[in-house]
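Shown next: coords-v6.pdb, given as PDB, C-alpha atoms.
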```
ATOM      1  CA  MET A 308     100.269 113.467  71.943
ATOM      2  CA  THR A 309     101.686 110.124  73.043
ATOM      3  CA  LEU A 310     105.431 109.789  72.656
ATOM      4  CA  PRO A 311     106.971 106.487  71.566
ATOM      5  CA  ARG A 312     107.953 104.418  74.610
ATOM      6  CA  TRP A 313     108.245 100.899  75.993
ATOM      7  CA  THR A 314     104.973  99.654  77.454
ATOM      8  CA  HIS A 315     105.312  95.951  78.277
ATOM      9  CA  ILE A 316     106.906  92.561  77.813
ATOM     10  CA  ALA A 317     104.568  89.562  77.613
ATOM     11  CA  LEU A 318     105.601  86.031  78.528
ATOM     12  CA  GLN A 319     103.735  82.744  78.424
ATOM     13  CA  VAL A 320     104.223  80.749  81.643
ATOM     14  CA  SER A 321     103.265  77.262  82.807
ATOM     15  CA  ASP A 322     102.357  78.242  86.395
ATOM     16  CA  ILE A 323     101.120  81.795  86.775
ATOM     17  CA  ASP A 324     101.012  81.777  90.577
ATOM     18  CA  ALA A 325     104.597  80.505  90.867
ATOM     19  CA  SER A 326     105.702  83.074  88.280
ATOM     20  CA  ILE A 327     103.969  85.921  90.114
ATOM     21  CA  ALA A 328     105.574  84.801  93.382
ATOM     22  CA  PHE A 329     109.017  84.646  91.740
ATOM     23  CA  TYR A 330     108.847  88.166  90.305
ATOM     24  CA  ALA A 331     107.278  89.603  93.470
ATOM     25  CA  GLU A 332     110.039  88.061  95.579
ATOM     26  CA  HIS A 333     113.044  88.667  93.342
ATOM     27  CA  THR A 334     112.240  91.959  91.646
ATOM     28  CA  PRO A 335     110.680  95.270  92.653
ATOM     29  CA  LEU A 336     107.579  94.409  90.602
ATOM     30  CA  GLU A 337     104.193  94.162  92.291
ATOM     31  CA  LEU A 338     101.094  92.336  91.133
ATOM     32  CA  LEU A 339      98.834  95.060  89.730
ATOM     33  CA  ASP A 340      96.058  92.871  88.306
ATOM     34  CA  LYS A 341      95.238  89.212  87.685
ATOM     35  CA  ARG A 342      92.356  87.955  85.587
ATOM     36  CA  GLU A 343      90.907  84.726  84.321
ATOM     37  CA  ASP A 344      88.911  84.180  81.145
ATOM     38  CA  ALA A 345      87.937  81.215  78.983
ATOM     39  CA  ASN A 346      91.511  80.900  77.668
ATOM     40  CA  GLY A 347      93.429  81.050  80.943
ATOM     41  CA  PHE A 348      95.006  83.529  83.328
ATOM     42  CA  GLY A 349      96.653  86.889  82.793
ATOM     43  CA  ALA A 350      98.690  88.888  85.291
ATOM     44  CA  TRP A 351     100.164  92.389  85.087
ATOM     45  CA  LEU A 352     103.170  93.260  87.237
ATOM     46  CA  GLY A 353     104.736  96.689  87.545
ATOM     47  CA  HIS A 354     105.330  99.640  89.818
ATOM     48  CA  ARG A 355     102.309 101.205  91.531
ATOM     49  CA  ASP A 356     104.084 104.573  91.623
ATOM     50  CA  GLN A 357     104.152 104.837  87.801
ATOM     51  CA  PRO A 358     100.447 105.022  86.847
ATOM     52  CA  GLU A 359     100.924 107.605  84.088
ATOM     53  CA  ALA A 360     103.628 105.790  82.093
ATOM     54  CA  PRO A 361     103.976 102.268  83.441
ATOM     55  CA  PHE A 362     106.221  99.544  82.088
ATOM     56  CA  ILE A 363     104.437  96.240  82.646
ATOM     57  CA  LEU A 364     105.440  92.588  82.717
ATOM     58  CA  VAL A 365     102.469  90.624  81.387
ATOM     59  CA  LEU A 366     102.275  86.931  82.256
ATOM     60  CA  ALA A 367      99.853  84.560  80.528
ATOM     61  CA  GLN A 368      99.007  80.977  81.432
ATOM     62  CA  PHE A 369      96.719  79.365  78.888
ATOM     63  CA  PHE A 370      94.461  76.435  79.720
ATOM     64  CA  ALA A 371      95.289  73.170  77.910
ATOM     65  CA  GLY A 372      94.282  73.455  74.269
ATOM     66  CA  LYS A 373      93.434  77.168  74.562
ATOM     67  CA  SER A 374      96.690  78.809  73.505
ATOM     68  CA  PRO A 375      96.716  79.917  69.877
ATOM     69  CA  TYR A 376     100.520  79.838  70.173
ATOM     70  CA  GLY A 377     101.039  76.297  71.473
ATOM     71  CA  ASN A 378     101.453  75.308  75.087
ATOM     72  CA  ASP A 379     105.258  75.388  75.258
ATOM     73  CA  PRO A 380     106.131  78.289  77.595
ATOM     74  CA  SER A 381     109.827  77.410  77.455
ATOM     75  CA  ARG A 382     110.230  79.493  74.315
ATOM     76  CA  ILE A 383     109.381  83.160  74.069
ATOM     77  CA  GLY A 384     107.894  83.294  70.560
ATOM     78  CA  PRO A 385     105.491  83.565  68.940
ATOM     79  CA  PHE A 386     103.438  84.828  71.918
ATOM     80  CA  GLY A 387     106.219  86.647  73.779
ATOM     81  CA  HIS A 388     106.763  90.148  72.532
ATOM     82  CA  LEU A 389     108.032  93.597  73.394
ATOM     83  CA  GLY A 390     105.283  96.185  73.479
ATOM     84  CA  ILE A 391     106.177  99.650  72.267
ATOM     85  CA  GLU A 392     103.686 102.481  72.251
ATOM     86  CA  LEU A 393     103.789 104.868  69.296
ATOM     87  CA  GLU A 394     102.099 108.211  68.783
ATOM     88  CA  SER A 395      99.321 106.923  66.503
ATOM     89  CA  ARG A 396      97.862 103.923  64.725
ATOM     90  CA  ALA A 397      99.292 105.311  61.487
ATOM     91  CA  ALA A 398     102.779 105.219  63.018
ATOM     92  CA  VAL A 399     102.209 101.570  63.999
ATOM     93  CA  ASN A 400     101.085 100.742  60.459
ATOM     94  CA  ASP A 401     104.083 102.561  58.958
ATOM     95  CA  LEU A 402     106.497 100.687  61.208
ATOM     96  CA  ALA A 403     104.800  97.360  60.438
ATOM     97  CA  ALA A 404     105.064  98.041  56.697
ATOM     98  CA  LYS A 405     108.736  98.932  57.053
ATOM     99  CA  ALA A 406     109.393  95.722  59.019
ATOM    100  CA  GLU A 407     107.518  93.635  56.474
ATOM    101  CA  ALA A 408     109.467  95.209  53.618
ATOM    102  CA  GLY A 409     112.672  94.354  55.440
ATOM    103  CA  GLY A 410     111.662  90.725  55.713
TER
END
```
Starting from the coordinates I provided, produce the structure as structure tokens.
Amino acid sequence: MTLPRWTHIALQVSDIDASIAFYAEHTPLELLDKREDANGFGAWLGHRDQPEAPFILVLAQFFAGKSPYGNDPSRIGPFGHLGIELESRAAVNDLAAKAEAGG
């Protein structure tokens, strides 16, 4: 059974390479993976010594016109989010319903 826990924080950035360099230089995070697809770049930073229960910083740089969230990385939302793992999909649905009911 998976226990509820933090999994990641995701941030939209305007320059993924500069952002990776900043976090690699000023934090203990290491670049674990970087990918490119039709929408832009994604990078995952974390600790290599925590493969079983990592906490990851996800960085995303969207190509012009490709972000479904707008291309303003100076604000965290609506793309930026805190990722929390729960024990099941039903638990996620229950929590989402509770949040929706609370407005």
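Using all atoms listed in the file, the shortest contact distance between A:Asp324 and any of A:Ser374, A:Ser395, A:Gln368, A:Asn400 is found at A:Gln368.
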With all atoms listed in the file as the atoms that count, which of A:Leu352, A:Val320, A:Leu338, A:Leu402 lies nearest to A:Leu364?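 Among the listed residues, A:Leu352 lies closest to A:Leu364.
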I'd like the neighbourhood of A:Glu394 as an mmCIF file with C-alpha atoms, in the frame of the given file, where a residue qualifies if any of its atoms comes within 12 Å (using all atoms listed in the file), though same-chain residues fewer than 2 positions away should be ignored.
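Just written: part-v1.cif:
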```cif
data_model
loop_
_atom_site.group_PDB
_atom_site.id
_atom_site.type_symbol
_atom_site.label_atom_id
_atom_site.label_comp_id
_atom_site.auth_asym_id
_atom_site.auth_seq_id
_atom_site.Cartn_x
_atom_site.Cartn_y
_atom_site.Cartn_z
ATOM 1 C CA MET A 308 100.269 113.467 71.943
ATOM 2 C CA THR A 309 101.686 110.124 73.043
ATOM 3 C CA LEU A 310 105.431 109.789 72.656
ATOM 4 C CA PRO A 311 106.971 106.487 71.566
ATOM 5 C CA ARG A 312 107.953 104.418 74.610
ATOM 6 C CA TRP A 313 108.245 100.899 75.993
ATOM 7 C CA ILE A 391 106.177 99.650 72.267
ATOM 8 C CA GLU A 392 103.686 102.481 72.251
ATOM 9 C CA ARG A 396 97.862 103.923 64.725
ATOM 10 C CA ALA A 397 99.292 105.311 61.487
ATOM 11 C CA ALA A 398 102.779 105.219 63.018
ATOM 12 C CA VAL A 399 102.209 101.570 63.999
ATOM 13 C CA ASN A 400 101.085 100.742 60.459
ATOM 14 C CA ASP A 401 104.083 102.561 58.958
ATOM 15 C CA LEU A 402 106.497 100.687 61.208
#
```
Quick one: pull the distance between atom CA of A:Ser321 and atom CA of A:Pro335, Å, one decimal. 21.8 Å
Can you list, as a ChimeraX atom specification, every protein, DNA or RNA residue that comes within 7 Å of A:Phe348 when you count only C-alpha atoms, leaving out same-chain residues fewer than 6 positions away? /A:342,367-369
Distance of atom CA of A:Ala403 from atom CA of A:Ala345, expressed in Å to one decimal place: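 About the pair atom CA of A:Ala345 and atom CA of A:Ala403: they are 29.8 Å apart.
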What would stretch 343-384 of chain A look like if you wrote it out as a PDB file, in the first residue's frame, with N, CA and C atoms included, from the block I just posted?
```
ATOM      1  N   GLU A 343      12.492  16.439 -24.064  1.00  0.00           N
ATOM      2  CA  GLU A 343      11.867  17.394 -24.970  1.00  0.00           C
ATOM      3  C   GLU A 343      10.763  16.671 -25.723  1.00  0.00           C
ATOM      4  N   ASP A 344       9.625  17.358 -25.898  1.00  0.00           N
ATOM      5  CA  ASP A 344       8.563  16.825 -26.739  1.00  0.00           C
ATOM      6  C   ASP A 344       8.023  17.972 -27.584  1.00  0.00           C
ATOM      7  N   ALA A 345       6.913  17.767 -28.236  1.00  0.00           N
ATOM      8  CA  ALA A 345       6.357  18.771 -29.139  1.00  0.00           C
ATOM      9  C   ALA A 345       5.945  20.055 -28.424  1.00  0.00           C
ATOM     10  N   ASN A 346       5.740  19.992 -27.108  1.00  0.00           N
ATOM     11  CA  ASN A 346       5.295  21.159 -26.350  1.00  0.00           C
ATOM     12  C   ASN A 346       6.429  21.942 -25.698  1.00  0.00           C
ATOM     13  N   GLY A 347       7.585  21.306 -25.520  1.00  0.00           N
ATOM     14  CA  GLY A 347       8.695  22.000 -24.881  1.00  0.00           C
ATOM     15  C   GLY A 347       9.621  21.048 -24.154  1.00  0.00           C
ATOM     16  N   PHE A 348      10.197  21.552 -23.064  1.00  0.00           N
ATOM     17  CA  PHE A 348      11.169  20.790 -22.285  1.00  0.00           C
ATOM     18  C   PHE A 348      10.629  20.501 -20.897  1.00  0.00           C
ATOM     19  N   GLY A 349      11.027  19.369 -20.351  1.00  0.00           N
ATOM     20  CA  GLY A 349      10.730  19.035 -18.966  1.00  0.00           C
ATOM     21  C   GLY A 349      11.998  18.554 -18.298  1.00  0.00           C
ATOM     22  N   ALA A 350      12.182  18.923 -17.040  1.00  0.00           N
ATOM     23  CA  ALA A 350      13.352  18.476 -16.284  1.00  0.00           C
ATOM     24  C   ALA A 350      12.901  18.063 -14.893  1.00  0.00           C
ATOM     25  N   TRP A 351      13.531  17.013 -14.362  1.00  0.00           N
ATOM     26  CA  TRP A 351      13.230  16.492 -13.040  1.00  0.00           C
ATOM     27  C   TRP A 351      14.502  16.567 -12.213  1.00  0.00           C
ATOM     28  N   LEU A 352      14.431  17.281 -11.106  1.00  0.00           N
ATOM     29  CA  LEU A 352      15.579  17.429 -10.208  1.00  0.00           C
ATOM     30  C   LEU A 352      15.231  16.815  -8.863  1.00  0.00           C
ATOM     31  N   GLY A 353      16.201  16.162  -8.257  1.00  0.00           N
ATOM     32  CA  GLY A 353      15.975  15.533  -6.959  1.00  0.00           C
ATOM     33  C   GLY A 353      17.270  15.003  -6.394  1.00  0.00           C
ATOM     34  N   HIS A 354      17.126  14.012  -5.536  1.00  0.00           N
ATOM     35  CA  HIS A 354      18.266  13.374  -4.881  1.00  0.00           C
ATOM     36  C   HIS A 354      18.397  11.950  -5.408  1.00  0.00           C
ATOM     37  N   ARG A 355      19.546  11.616  -5.964  1.00  0.00           N
ATOM     38  CA  ARG A 355      19.755  10.271  -6.515  1.00  0.00           C
ATOM     39  C   ARG A 355      19.694   9.177  -5.441  1.00  0.00           C
ATOM     40  N   ASP A 356      19.937   9.552  -4.180  1.00  0.00           N
ATOM     41  CA  ASP A 356      19.951   8.556  -3.121  1.00  0.00           C
ATOM     42  C   ASP A 356      18.562   8.291  -2.542  1.00  0.00           C
ATOM     43  N   GLN A 357      17.514   8.773  -3.179  1.00  0.00           N
ATOM     44  CA  GLN A 357      16.141   8.553  -2.709  1.00  0.00           C
ATOM     45  C   GLN A 357      15.267   7.932  -3.814  1.00  0.00           C
ATOM     46  N   PRO A 358      15.702   6.845  -4.432  1.00  0.00           N
ATOM     47  CA  PRO A 358      14.930   6.298  -5.559  1.00  0.00           C
ATOM     48  C   PRO A 358      13.587   5.689  -5.164  1.00  0.00           C
ATOM     49  N   GLU A 359      13.435   5.251  -3.938  1.00  0.00           N
ATOM     50  CA  GLU A 359      12.196   4.598  -3.522  1.00  0.00           C
ATOM     51  C   GLU A 359      11.077   5.586  -3.210  1.00  0.00           C
ATOM     52  N   ALA A 360      11.411   6.740  -2.661  1.00  0.00           N
ATOM     53  CA  ALA A 360      10.404   7.733  -2.277  1.00  0.00           C
ATOM     54  C   ALA A 360      10.945   9.138  -2.551  1.00  0.00           C
ATOM     55  N   PRO A 361      11.184   9.450  -3.813  1.00  0.00           N
ATOM     56  CA  PRO A 361      11.795  10.739  -4.114  1.00  0.00           C
ATOM     57  C   PRO A 361      10.819  11.900  -3.961  1.00  0.00           C
ATOM     58  N   PHE A 362      11.361  13.070  -3.697  1.00  0.00           N
ATOM     59  CA  PHE A 362      10.617  14.318  -3.803  1.00  0.00           C
ATOM     60  C   PHE A 362      11.282  15.062  -4.944  1.00  0.00           C
ATOM     61  N   ILE A 363      10.516  15.443  -5.953  1.00  0.00           N
ATOM     62  CA  ILE A 363      11.069  15.946  -7.202  1.00  0.00           C
ATOM     63  C   ILE A 363      10.635  17.387  -7.456  1.00  0.00           C
ATOM     64  N   LEU A 364      11.559  18.191  -7.969  1.00  0.00           N
ATOM     65  CA  LEU A 364      11.232  19.496  -8.515  1.00  0.00           C
ATOM     66  C   LEU A 364      11.122  19.309 -10.018  1.00  0.00           C
ATOM     67  N   VAL A 365       9.949  19.552 -10.566  1.00  0.00           N
ATOM     68  CA  VAL A 365       9.710  19.431 -11.998  1.00  0.00           C
ATOM     69  C   VAL A 365       9.738  20.835 -12.593  1.00  0.00           C
ATOM     70  N   LEU A 366      10.532  21.018 -13.632  1.00  0.00           N
ATOM     71  CA  LEU A 366      10.585  22.284 -14.349  1.00  0.00           C
ATOM     72  C   LEU A 366      10.057  22.062 -15.758  1.00  0.00           C
ATOM     73  N   ALA A 367       9.252  22.999 -16.253  1.00  0.00           N
ATOM     74  CA  ALA A 367       8.707  22.887 -17.602  1.00  0.00           C
ATOM     75  C   ALA A 367       8.889  24.205 -18.338  1.00  0.00           C
ATOM     76  N   GLN A 368       9.469  24.114 -19.533  1.00  0.00           N
ATOM     77  CA  GLN A 368       9.572  25.271 -20.420  1.00  0.00           C
ATOM     78  C   GLN A 368       8.795  24.924 -21.676  1.00  0.00           C
ATOM     79  N   PHE A 369       7.712  25.627 -21.910  1.00  0.00           N
ATOM     80  CA  PHE A 369       6.883  25.371 -23.080  1.00  0.00           C
ATOM     81  C   PHE A 369       7.367  26.214 -24.248  1.00  0.00           C
ATOM     82  N   PHE A 370       7.283  25.649 -25.450  1.00  0.00           N
ATOM     83  CA  PHE A 370       7.574  26.409 -26.661  1.00  0.00           C
ATOM     84  C   PHE A 370       6.480  27.462 -26.848  1.00  0.00           C
ATOM     85  N   ALA A 371       6.806  28.541 -27.553  1.00  0.00           N
ATOM     86  CA  ALA A 371       5.846  29.627 -27.792  1.00  0.00           C
ATOM     87  C   ALA A 371       4.554  29.058 -28.379  1.00  0.00           C
ATOM     88  N   GLY A 372       3.452  29.418 -27.770  1.00  0.00           N
ATOM     89  CA  GLY A 372       2.142  28.976 -28.249  1.00  0.00           C
ATOM     90  C   GLY A 372       1.767  27.557 -27.869  1.00  0.00           C
ATOM     91  N   LYS A 373       2.608  26.856 -27.131  1.00  0.00           N
ATOM     92  CA  LYS A 373       2.353  25.450 -26.795  1.00  0.00           C
ATOM     93  C   LYS A 373       1.847  25.231 -25.376  1.00  0.00           C
ATOM     94  N   SER A 374       1.959  26.231 -24.518  1.00  0.00           N
ATOM     95  CA  SER A 374       1.515  26.050 -23.140  1.00  0.00           C
ATOM     96  C   SER A 374       0.001  26.189 -23.054  1.00  0.00           C
ATOM     97  N   PRO A 375      -0.667  25.193 -22.495  1.00  0.00           N
ATOM     98  CA  PRO A 375      -2.108  25.329 -22.282  1.00  0.00           C
ATOM     99  C   PRO A 375      -2.424  26.270 -21.119  1.00  0.00           C
ATOM    100  N   TYR A 376      -1.388  26.763 -20.453  1.00  0.00           N
ATOM    101  CA  TYR A 376      -1.548  27.585 -19.256  1.00  0.00           C
ATOM    102  C   TYR A 376      -1.135  29.033 -19.489  1.00  0.00           C
ATOM    103  N   GLY A 377      -0.741  29.386 -20.691  1.00  0.00           N
ATOM    104  CA  GLY A 377      -0.194  30.708 -20.962  1.00  0.00           C
ATOM    105  C   GLY A 377       1.312  30.662 -20.826  1.00  0.00           C
ATOM    106  N   ASN A 378       1.981  31.603 -21.411  1.00  0.00           N
ATOM    107  CA  ASN A 378       3.446  31.589 -21.393  1.00  0.00           C
ATOM    108  C   ASN A 378       4.042  32.585 -20.418  1.00  0.00           C
ATOM    109  N   ASP A 379       3.366  32.820 -19.289  1.00  0.00           N
ATOM    110  CA  ASP A 379       3.881  33.721 -18.268  1.00  0.00           C
ATOM    111  C   ASP A 379       4.403  32.903 -17.083  1.00  0.00           C
ATOM    112  N   PRO A 380       5.715  32.567 -17.089  1.00  0.00           N
ATOM    113  CA  PRO A 380       6.255  31.762 -15.996  1.00  0.00           C
ATOM    114  C   PRO A 380       6.482  32.547 -14.713  1.00  0.00           C
ATOM    115  N   SER A 381       6.154  33.847 -14.708  1.00  0.00           N
ATOM    116  CA  SER A 381       6.378  34.626 -13.499  1.00  0.00           C
ATOM    117  C   SER A 381       5.341  34.342 -12.425  1.00  0.00           C
ATOM    118  N   ARG A 382       4.266  33.669 -12.794  1.00  0.00           N
ATOM    119  CA  ARG A 382       3.261  33.307 -11.793  1.00  0.00           C
ATOM    120  C   ARG A 382       3.179  31.793 -11.708  1.00  0.00           C
ATOM    121  N   ILE A 383       2.914  31.292 -10.548  1.00  0.00           N
ATOM    122  CA  ILE A 383       2.935  29.843 -10.337  1.00  0.00           C
ATOM    123  C   ILE A 383       1.713  29.164 -10.946  1.00  0.00           C
ATOM    124  N   GLY A 384       0.532  29.695 -10.785  1.00  0.00           N
ATOM    125  CA  GLY A 384      -0.669  29.031 -11.280  1.00  0.00           C
ATOM    126  C   GLY A 384      -1.027  29.470 -12.677  1.00  0.00           C
TER     127      GLY A 384
END
```
